[in-house]
Amino acid sequence: MTVLVRQRTWRRELTAWATDIRGKPYVWGTTDCSTLAREALRLQFGADVFPTILQWSSLREALCVLKTIEVEGGLSVLFAKMGAREIIGRKYHWPVGTILIKDEGTHLPALSISMGEFVIDSDKESGVQWCEPAATVPLVKKAWLFEQLCVEGATNG
């Protein structure tokens, strides 16, 4: 088990990345919402924090991978096991880097990333976009803050 803490430059790198991906088209395995959340965490911690979860390049592959996570209790259980802290009662004042779960328990969970002043979203019609946090509130079921993580086999990247 490896304990990871956020990189010293995580906030700057995350902001630069958010600026770079804004407006990009939706592509499975590159700019789908789960892949964006994975990349946001990689930038914060300097390593792939989900090295045992296969990456995908199609809806079919994503459904297969995410089905295994659902069998083990879902994303919230996974995030809690990794040491993430659930943020309760903050409405749209989520800390930068918080992963927002909009649909859990469905075949394909919808995730977003809080950047404080805006939320990074991705969908097939609009691609990667920035949204007002207040517009996201009705959709968010859970919010998870990753400050220190316990992961197996994290890989630098």
# chains A, B, ... in the order shown; residues from 1 in each chain; ligands from 1
$ select_by_dssp --residues "chain A" --states "helix (DSSP H, G or I)" --output "VMD selection string"
chain A and resid 10 to 21 33 to 45 59 to 71 75 to 81 133 to 139
$ select_by_dssp --residues "segment 48-106 of chain A" --states "strand (DSSP E)" --output "list in words"
Asp48, Arg85, Glu86, Ile99, Leu100, Ile101, Lys102 and Asp103 of chain A
$ residues_around --residues "segment 27-42 of chain A" --least-positions-apart "4" --cutoff "8 Å" --atoms "only C-alpha atoms" --output "ChimeraX atom specification"
/A:14,46-50,55-59,97,99,109-113,121-124,127-128,146,157
$ residues_around --residues "Leu108 of chain A" --least-positions-apart "2" --cutoff "12 Å" --atoms "only C-alpha atoms" --output "PyMOL selection string"
chain A and resi 32-34+59-70+74-75+101-106+110-111
$ residues_around --residues "His93 of chain A" --least-positions-apart "3" --cutoff "10 Å" --atoms "only C-alpha atoms" --output "JSON, numbers by chain"
{"A": [87, 89, 90, 96, 114, 115, 116, 117, 118, 133, 134, 137]}
$ atom_distance --atom1 "atom CA of Cys131 of chain A" --atom2 "atom CA of Arg85 of chain A"
23.2 Å
$ closest_residue --among "A:Ala143, A:Val119, A:Glu125, A:Met82" --to "Ala18 of chain A" --atoms "only C-alpha atoms"
A:Val119
$ residues_around --residues "Ile88 of chain A" --least-positions-apart "4" --cutoff "12 Å" --atoms "only C-alpha atoms" --output "list in words"
Tyr92, His93, Trp94, Pro95, Thr98, Leu100, Val140, Lys141, Lys142, Ala143, Trp144 and Leu145 of chain A
$ decode --residues "segment 44-84 of chain A" --atoms "C-alpha atoms" --output "compact mmCIF listing (two decimals), in the first residue's frame"
# COMPACT_ATOMS: atom_id res chain seq x y z
CA GLN A 44 -2.93 16.32 -8.03
CA PHE A 45 -0.93 13.32 -6.85
CA GLY A 46 1.69 12.86 -9.58
CA ALA A 47 0.66 9.24 -10.18
CA ASP A 48 -2.18 7.22 -11.66
CA VAL A 49 -4.24 6.55 -8.53
CA PHE A 50 -6.26 3.84 -10.31
CA PRO A 51 -3.50 1.66 -11.78
CA THR A 52 -5.52 -1.55 -11.43
CA ILE A 53 -8.52 -0.10 -13.28
CA LEU A 54 -8.11 -0.59 -17.00
CA GLN A 55 -8.44 2.39 -19.29
CA TRP A 56 -10.96 2.26 -22.11
CA SER A 57 -11.51 3.59 -25.60
CA SER A 58 -15.20 2.83 -26.14
CA LEU A 59 -18.53 2.85 -24.33
CA ARG A 60 -18.54 -0.94 -24.26
CA GLU A 61 -15.10 -1.10 -22.62
CA ALA A 62 -16.08 1.62 -20.11
CA LEU A 63 -19.21 -0.30 -19.12
CA CYS A 64 -17.18 -3.49 -18.55
CA VAL A 65 -14.62 -1.72 -16.37
CA LEU A 66 -17.17 0.27 -14.39
CA LYS A 67 -19.30 -2.84 -13.84
CA THR A 68 -16.43 -4.37 -11.84
CA ILE A 69 -16.30 -1.23 -9.66
CA GLU A 70 -20.06 -1.41 -9.11
CA VAL A 71 -19.80 -5.06 -8.04
CA GLU A 72 -17.32 -4.01 -5.36
CA GLY A 73 -19.69 -1.38 -3.95
CA GLY A 74 -19.42 1.51 -6.39
CA LEU A 75 -17.32 4.64 -6.66
CA SER A 76 -18.16 5.96 -3.20
CA VAL A 77 -16.92 2.76 -1.57
CA LEU A 78 -13.77 2.84 -3.71
CA PHE A 79 -13.09 6.51 -2.93
CA ALA A 80 -13.62 5.96 0.82
CA LYS A 81 -11.25 2.96 0.83
CA MET A 82 -8.62 5.15 -0.84
CA GLY A 83 -8.88 7.70 1.96
CA ALA A 84 -10.96 10.36 0.21
